[in-house]
$ cat data_14.txt   # compact mmCIF, C-alpha atoms
# COMPACT_ATOMS: atom_id res chain seq x y z
CA MET A 1 206.51 42.10 4.98
CA LYS A 2 209.26 44.55 5.86
CA LYS A 3 207.45 46.19 8.74
CA GLU A 4 210.36 48.52 9.56
CA LYS A 5 209.92 50.33 6.25
CA SER A 6 206.16 50.64 6.79
CA ILE A 7 206.74 52.00 10.29
CA GLU A 8 209.19 54.54 8.85
CA PHE A 9 206.61 55.71 6.28
CA LEU A 10 203.84 55.82 8.88
CA ASN A 11 205.94 57.96 11.23
CA LYS A 12 206.87 60.31 8.39
CA ALA A 13 203.16 60.64 7.63
CA ILE A 14 202.46 61.37 11.31
CA ALA A 15 205.02 64.19 11.20
CA ASP A 16 203.43 65.53 8.02
CA GLU A 17 199.95 65.42 9.53
CA LEU A 18 201.10 67.07 12.78
CA SER A 19 202.65 69.89 10.76
CA ALA A 20 199.39 70.27 8.87
CA VAL A 21 197.39 70.43 12.12
CA HIS A 22 199.63 73.20 13.43
CA GLN A 23 199.56 75.15 10.16
CA TYR A 24 195.79 74.85 9.72
CA MET A 25 195.07 75.86 13.30
CA TYR A 26 197.30 78.90 12.79
CA PHE A 27 195.28 79.76 9.68
CA HIS A 28 192.04 79.12 11.58
CA PHE A 29 193.04 81.57 14.32
CA HIS A 30 194.02 84.29 11.85
CA CYS A 31 190.98 83.89 9.60
CA ASP A 32 188.79 84.04 12.70
CA ASP A 33 190.61 87.17 13.85
CA GLN A 34 190.03 88.78 10.44
CA GLY A 35 186.32 87.91 10.50
CA PHE A 36 186.43 85.26 7.78
CA ASP A 37 184.30 82.68 9.54
CA LEU A 38 183.72 80.32 6.62
CA LEU A 39 187.43 79.98 5.88
CA SER A 40 188.25 79.83 9.57
CA ASN A 41 185.88 76.90 9.99
CA LEU A 42 187.26 75.17 6.90
CA PHE A 43 190.79 75.31 8.31
CA LYS A 44 189.57 74.11 11.72
CA ARG A 45 187.60 71.18 10.25
CA THR A 46 190.59 70.16 8.13
CA ALA A 47 192.88 70.27 11.18
CA ILE A 48 190.48 67.98 13.03
CA GLU A 49 190.44 65.55 10.10
CA GLU A 50 194.24 65.59 10.05
CA MET A 51 194.22 64.72 13.78
CA LEU A 52 192.05 61.72 12.96
CA HIS A 53 194.62 60.71 10.32
CA ILE A 54 197.32 60.82 12.99
CA GLU A 55 195.27 58.50 15.15
CA ARG A 56 194.82 55.99 12.32
CA LEU A 57 198.51 56.13 11.43
CA ALA A 58 199.58 55.71 15.07
CA ASP A 59 197.24 52.75 15.49
CA ARG A 60 198.92 51.07 12.53
CA VAL A 61 202.42 51.78 13.88
CA LEU A 62 201.45 50.21 17.19
CA PHE A 63 199.90 47.21 15.44
CA LEU A 64 203.22 46.70 13.66
CA LYS A 65 204.92 46.86 17.10
CA GLY A 66 206.68 50.12 16.27
CA GLU A 67 207.22 53.30 18.25
CA VAL A 68 205.00 56.28 17.42
CA GLU A 69 207.12 59.35 16.72
CA LEU A 70 205.37 62.68 17.29
CA GLY A 71 207.82 65.13 15.73
CA THR A 72 206.63 67.62 13.14
CA ALA A 73 207.99 67.91 9.64
CA GLU A 74 207.87 71.71 9.34
CA VAL A 75 207.69 74.91 11.35
CA VAL A 76 204.43 76.87 11.09
CA GLN A 77 204.66 79.58 8.45
CA LYS A 78 203.38 82.95 9.67
CA ILE A 79 201.02 83.73 6.80
CA HIS A 80 198.23 86.27 7.33
CA ASP A 81 197.09 86.87 3.74
CA VAL A 82 194.11 84.65 2.89
CA LYS A 83 195.18 83.95 -0.68
CA SER A 84 198.64 82.89 0.50
CA MET A 85 197.05 80.69 3.19
CA LEU A 86 194.94 78.92 0.59
CA GLU A 87 197.90 78.50 -1.76
CA LYS A 88 199.99 77.02 1.07
CA ALA A 89 197.15 74.66 2.06
CA SER A 90 196.68 73.51 -1.55
CA LYS A 91 200.40 72.85 -1.88
CA MET A 92 200.52 70.92 1.40
CA GLU A 93 197.59 68.71 0.40
CA THR A 94 199.05 68.01 -3.05
CA GLU A 95 202.43 67.09 -1.59
CA SER A 96 200.83 64.79 0.98
CA ALA A 97 198.69 63.02 -1.59
CA ASN A 98 201.69 62.50 -3.86
CA GLN A 99 203.87 61.20 -1.03
CA TYR A 100 201.16 58.88 0.30
CA ASN A 101 200.74 57.42 -3.20
CA VAL A 102 204.46 56.64 -3.33
CA TRP A 103 204.38 55.09 0.13
CA ALA A 104 201.28 53.04 -0.71
CA ASN A 105 203.13 51.57 -3.68
CA GLU A 106 206.22 50.85 -1.57
CA CYS A 107 204.10 49.11 1.08
CA SER A 108 202.56 47.00 -1.65
CA LYS A 109 206.03 45.95 -2.81
CA ASN A 110 206.83 44.96 0.78
CA ALA A 111 203.68 42.82 1.13
CA ASP A 112 201.96 45.19 3.58
CA SER A 113 198.54 45.61 2.01
CA ALA A 114 196.89 46.99 5.16
CA THR A 115 199.30 49.93 5.34
CA LYS A 116 198.94 50.36 1.57
CA LYS A 117 195.15 50.64 1.98
CA LEU A 118 195.58 53.14 4.82
CA PHE A 119 197.76 55.38 2.66
CA GLU A 120 195.31 55.06 -0.25
CA SER A 121 192.43 56.17 1.97
CA LEU A 122 194.51 59.13 3.15
CA VAL A 123 195.14 60.08 -0.48
CA ASP A 124 191.37 60.31 -0.98
CA ASP A 125 191.05 62.66 2.00
CA GLU A 126 194.02 64.81 0.98
CA GLU A 127 192.65 65.17 -2.56
CA ARG A 128 189.28 66.23 -1.12
CA HIS A 129 191.02 68.80 1.07
CA PHE A 130 192.96 70.06 -1.96
CA ASN A 131 189.71 70.42 -3.87
CA GLN A 132 188.17 72.47 -1.05
CA TYR A 133 191.13 74.85 -0.92
CA ASP A 134 191.32 75.05 -4.71
CA THR A 135 187.61 75.98 -4.85
CA GLU A 136 188.18 78.72 -2.27
CA LEU A 137 191.12 80.04 -4.31
CA GLU A 138 188.95 80.07 -7.44
CA ASN A 139 186.23 81.97 -5.56
CA LEU A 140 188.78 84.49 -4.31
CA THR A 141 190.16 84.94 -7.83
CA LYS A 142 186.69 85.25 -9.34
CA PHE A 143 185.15 87.58 -6.74
CA GLY A 144 188.23 89.23 -5.21
CA ASP A 145 187.89 91.11 -1.95
CA ASN A 146 184.10 90.98 -2.32
CA TYR A 147 184.31 87.28 -1.48
CA LEU A 148 186.05 88.03 1.81
CA ALA A 149 183.69 90.93 2.52
CA LEU A 150 180.73 88.56 2.25
CA GLN A 151 182.28 86.37 4.94
CA SER A 152 182.68 89.38 7.23
CA ILE A 153 179.04 90.28 6.64
CA GLU A 154 178.01 86.77 7.72
CA ARG A 155 179.83 87.31 11.02
CA SER A 156 178.08 90.64 11.49
CA LYS A 157 174.69 89.01 10.89
CA THR A 158 175.45 86.37 13.50
CA LEU A 159 176.60 88.93 16.05
CA THR A 160 173.67 91.28 15.50
CA ALA A 161 171.26 88.37 15.82
CA GLY A 162 172.58 87.93 19.35
CA ARG A 163 173.99 84.42 18.82
CA PRO A 164 177.36 83.60 20.35
CA MET A 165 180.02 82.96 17.70
CA GLY A 166 180.48 79.32 18.73
CA GLU A 167 176.91 78.41 17.73
CA GLN A 168 177.62 78.71 14.03
CA LEU A 169 179.92 75.69 13.93

$ encode --input "data_14.txt" --output "structure tokens"
Amino acid sequence: MKKEKSIEFLNKAIADELSAVHQYMYFHFHCDDQGFDLLSNLFKRTAIEEMLHIERLADRVLFLKGEVELGTAEVVQKIHDVKSMLEKASKMETESANQYNVWANECSKNADSATKKLFESLVDDEERHFNQYDTELENLTKFGDNYLALQSIERSKTLTAGRPMGEQL
């Protein structure tokens, strides 16, 4: 096994996942600010899942006796338009899934089946995330601004019922 190559891939994945956490939390904050609670929560939940990916990747780096690198791959894009947020998220998830597939195959060639399996499991998660964002984009296309208005109405119902906003999570 060429563990140095696996460690390199794992650290690149950590950078990718850290960038995703930052981007999704930015989207979470802005969707929340605009009153789009369902989308806000989707971005927040995805960010948390990406943090769990980082933990799994870091554990593997340490197992291979490597150094965990915590740099990010990209700078957060300042996107406030919901459709553009969803398009960016879909693109990020697709790129991650594609890259993790490549790295899984490379790890297999280097006789590192455990890292290969880790990347394959991450592909499953990234494809699920893509599907969630793609579904939201389809809803937005199908229903337009009415779809976003319905989310704002849900927030109003929660507030008028006297429940603190944090209880809906």

$ closest_residue --input "data_14.txt" --among "A:Ala114, A:Ile14, A:Met92, A:Leu148" --to "A:Ala58" --atoms "only C-alpha atoms"
A:Ile14

$ atom_distance --input "data_14.txt" --atom1 "atom CA of A:Met85" --atom2 "atom CA of A:Ala15"
20.0 Å

$ residues_around --input "data_14.txt" --residues "A:Lys65" --least-positions-apart "6" --cutoff "12 Å" --atoms "all atoms listed in the file" --output "list in words"
Lys3, Glu4, Ser6, Ile7, Ala58 and Asp59 of chain A

$ write_last_selection --input "data_14.txt" --atoms "C-alpha atoms" --output "short mmCIF file (atom, residue, chain, number, x, y, z; two decimals), keeping the file's coordinate frame"
data_model
loop_
_atom_site.label_atom_id
_atom_site.label_comp_id
_atom_site.auth_asym_id
_atom_site.auth_seq_id
_atom_site.Cartn_x
_atom_site.Cartn_y
_atom_site.Cartn_z
CA LYS A 3 207.45 46.19 8.74
CA GLU A 4 210.36 48.52 9.56
CA SER A 6 206.16 50.64 6.79
CA ILE A 7 206.74 52.00 10.29
CA ALA A 58 199.58 55.71 15.07
CA ASP A 59 197.24 52.75 15.49
#

$ residues_near_point --input "data_14.txt" --point "(202.5, 58.5, -3.8)" --cutoff "12 Å" --atoms "all atoms listed in the file" --output "list of chain:residue names"
A:Phe9, A:Ala13, A:Thr94, A:Glu95, A:Ser96, A:Ala97, A:Asn98, A:Gln99, A:Tyr100, A:Asn101, A:Val102, A:Trp103, A:Ala104, A:Asn105, A:Glu106, A:Cys107, A:Ser108, A:Lys116, A:Phe119, A:Glu120, A:Ser121, A:Leu122, A:Val123, A:Asp124, A:Glu126, A:Glu127

$ residues_around --input "data_14.txt" --residues "A:Gln151" --least-positions-apart "6" --cutoff "8 Å" --atoms "all atoms listed in the file" --output "PyMOL selection string"
chain A and resi 35-38

$ closest_residue --input "data_14.txt" --among "A:Ile153, A:Leu70, A:Leu118, A:Leu64" --to "A:Lys5" --atoms "all atoms listed in the file"
A:Leu64

$ atom_distance --input "data_14.txt" --atom1 "atom CA of A:Lys88" --atom2 "atom CA of A:Ser152"
22.1 Å

$ residues_around --input "data_14.txt" --residues "A:Gly71" --least-positions-apart "5" --cutoff "9 Å" --atoms "only C-alpha atoms" --output "list in words"
Asn11, Lys12, Ile14, Ala15, Asp16, Leu18 and Ser19 of chain A

$ closest_residue --input "data_14.txt" --among "A:Val68, A:Leu39, A:Met51, A:Ala73" --to "A:Asn139" --atoms "all atoms listed in the file"
A:Leu39

$ closest_residue --input "data_14.txt" --among "A:Gln77, A:Val82, A:Met25, A:Asp32" --to "A:Gly144" --atoms "all atoms listed in the file"
A:Val82

$ atom_distance --input "data_14.txt" --atom1 "atom CA of A:Thr72" --atom2 "atom CA of A:Val21"
9.7 Å

$ residues_near_point --input "data_14.txt" --point "(188.2, 78.7, 9.3)" --cutoff "10 Å" --atoms "only C-alpha atoms" --output "PyMOL selection string"
chain A and resi 24-33+35-47+169

$ axis_aligned_box --input "data_14.txt" --around "stretch 15-24 of chain A" --padding-each-side "4 Å" --output "JSON"
{"center_x": 200.4, "center_y": 69.7, "center_z": 10.7, "size_x": 17.2, "size_y": 19.0, "size_z": 13.4}

$ closest_residue --input "data_14.txt" --among "A:Lys117, A:Glu17, A:Lys2, A:Lys83" --to "A:Tyr133" --atoms "only C-alpha atoms"
A:Lys83

$ closest_residue --input "data_14.txt" --among "A:Ala89, A:Ala149, A:Ala20, A:Leu137" --to "A:Gln34" --atoms "all atoms listed in the file"
A:Ala149

$ build_atoms --input "data_14.txt" --residues "stretch 50-70 of chain A" --atoms "N, CA and C atoms" --output "PDB file, in the frame of the given file"
ATOM      1  N   GLU A  50     192.830  65.992  10.044  1.00  0.00           N
ATOM      2  CA  GLU A  50     194.240  65.590  10.050  1.00  0.00           C
ATOM      3  C   GLU A  50     194.596  64.914  11.379  1.00  0.00           C
ATOM      4  N   MET A  51     193.995  65.378  12.488  1.00  0.00           N
ATOM      5  CA  MET A  51     194.220  64.720  13.780  1.00  0.00           C
ATOM      6  C   MET A  51     193.711  63.282  13.745  1.00  0.00           C
ATOM      7  N   LEU A  52     192.586  63.075  13.094  1.00  0.00           N
ATOM      8  CA  LEU A  52     192.050  61.720  12.960  1.00  0.00           C
ATOM      9  C   LEU A  52     192.979  60.851  12.108  1.00  0.00           C
ATOM     10  N   HIS A  53     193.624  61.455  11.109  1.00  0.00           N
ATOM     11  CA  HIS A  53     194.620  60.710  10.320  1.00  0.00           C
ATOM     12  C   HIS A  53     195.760  60.264  11.208  1.00  0.00           C
ATOM     13  N   ILE A  54     196.218  61.159  12.085  1.00  0.00           N
ATOM     14  CA  ILE A  54     197.320  60.820  12.990  1.00  0.00           C
ATOM     15  C   ILE A  54     196.945  59.619  13.836  1.00  0.00           C
ATOM     16  N   GLU A  55     195.723  59.615  14.324  1.00  0.00           N
ATOM     17  CA  GLU A  55     195.270  58.500  15.150  1.00  0.00           C
ATOM     18  C   GLU A  55     195.303  57.184  14.375  1.00  0.00           C
ATOM     19  N   ARG A  56     194.826  57.204  13.142  1.00  0.00           N
ATOM     20  CA  ARG A  56     194.820  55.990  12.320  1.00  0.00           C
ATOM     21  C   ARG A  56     196.244  55.518  12.031  1.00  0.00           C
ATOM     22  N   LEU A  57     197.120  56.469  11.716  1.00  0.00           N
ATOM     23  CA  LEU A  57     198.510  56.130  11.430  1.00  0.00           C
ATOM     24  C   LEU A  57     199.196  55.557  12.673  1.00  0.00           C
ATOM     25  N   ALA A  58     198.967  56.181  13.825  1.00  0.00           N
ATOM     26  CA  ALA A  58     199.580  55.710  15.070  1.00  0.00           C
ATOM     27  C   ALA A  58     199.069  54.312  15.430  1.00  0.00           C
ATOM     28  N   ASP A  59     197.787  54.084  15.227  1.00  0.00           N
ATOM     29  CA  ASP A  59     197.240  52.750  15.490  1.00  0.00           C
ATOM     30  C   ASP A  59     197.960  51.693  14.659  1.00  0.00           C
ATOM     31  N   ARG A  60     198.239  52.029  13.413  1.00  0.00           N
ATOM     32  CA  ARG A  60     198.920  51.070  12.530  1.00  0.00           C
ATOM     33  C   ARG A  60     200.363  50.844  12.980  1.00  0.00           C
ATOM     34  N   VAL A  61     201.046  51.921  13.378  1.00  0.00           N
ATOM     35  CA  VAL A  61     202.420  51.780  13.880  1.00  0.00           C
ATOM     36  C   VAL A  61     202.431  50.835  15.076  1.00  0.00           C
ATOM     37  N   LEU A  62     201.506  51.048  15.988  1.00  0.00           N
ATOM     38  CA  LEU A  62     201.450  50.210  17.190  1.00  0.00           C
ATOM     39  C   LEU A  62     201.113  48.760  16.837  1.00  0.00           C
ATOM     40  N   PHE A  63     200.222  48.558  15.878  1.00  0.00           N
ATOM     41  CA  PHE A  63     199.900  47.210  15.440  1.00  0.00           C
ATOM     42  C   PHE A  63     201.148  46.495  14.919  1.00  0.00           C
ATOM     43  N   LEU A  64     201.993  47.265  14.221  1.00  0.00           N
ATOM     44  CA  LEU A  64     203.220  46.700  13.660  1.00  0.00           C
ATOM     45  C   LEU A  64     204.337  46.605  14.711  1.00  0.00           C
ATOM     46  N   LYS A  65     203.986  46.932  15.966  1.00  0.00           N
ATOM     47  CA  LYS A  65     204.920  46.860  17.100  1.00  0.00           C
ATOM     48  C   LYS A  65     206.049  47.886  16.983  1.00  0.00           C
ATOM     49  N   GLY A  66     205.710  49.039  16.382  1.00  0.00           N
ATOM     50  CA  GLY A  66     206.680  50.120  16.270  1.00  0.00           C
ATOM     51  C   GLY A  66     206.456  51.175  17.335  1.00  0.00           C
ATOM     52  N   GLU A  67     207.312  52.160  17.331  1.00  0.00           N
ATOM     53  CA  GLU A  67     207.220  53.300  18.250  1.00  0.00           C
ATOM     54  C   GLU A  67     206.645  54.486  17.479  1.00  0.00           C
ATOM     55  N   VAL A  68     205.617  55.105  18.041  1.00  0.00           N
ATOM     56  CA  VAL A  68     205.000  56.280  17.420  1.00  0.00           C
ATOM     57  C   VAL A  68     205.883  57.489  17.690  1.00  0.00           C
ATOM     58  N   GLU A  69     206.304  58.138  16.617  1.00  0.00           N
ATOM     59  CA  GLU A  69     207.120  59.350  16.720  1.00  0.00           C
ATOM     60  C   GLU A  69     206.219  60.557  16.476  1.00  0.00           C
ATOM     61  N   LEU A  70     206.277  61.537  17.391  1.00  0.00           N
ATOM     62  CA  LEU A  70     205.370  62.680  17.290  1.00  0.00           C
ATOM     63  C   LEU A  70     206.079  63.988  16.946  1.00  0.00           C
TER      64      LEU A  70
END
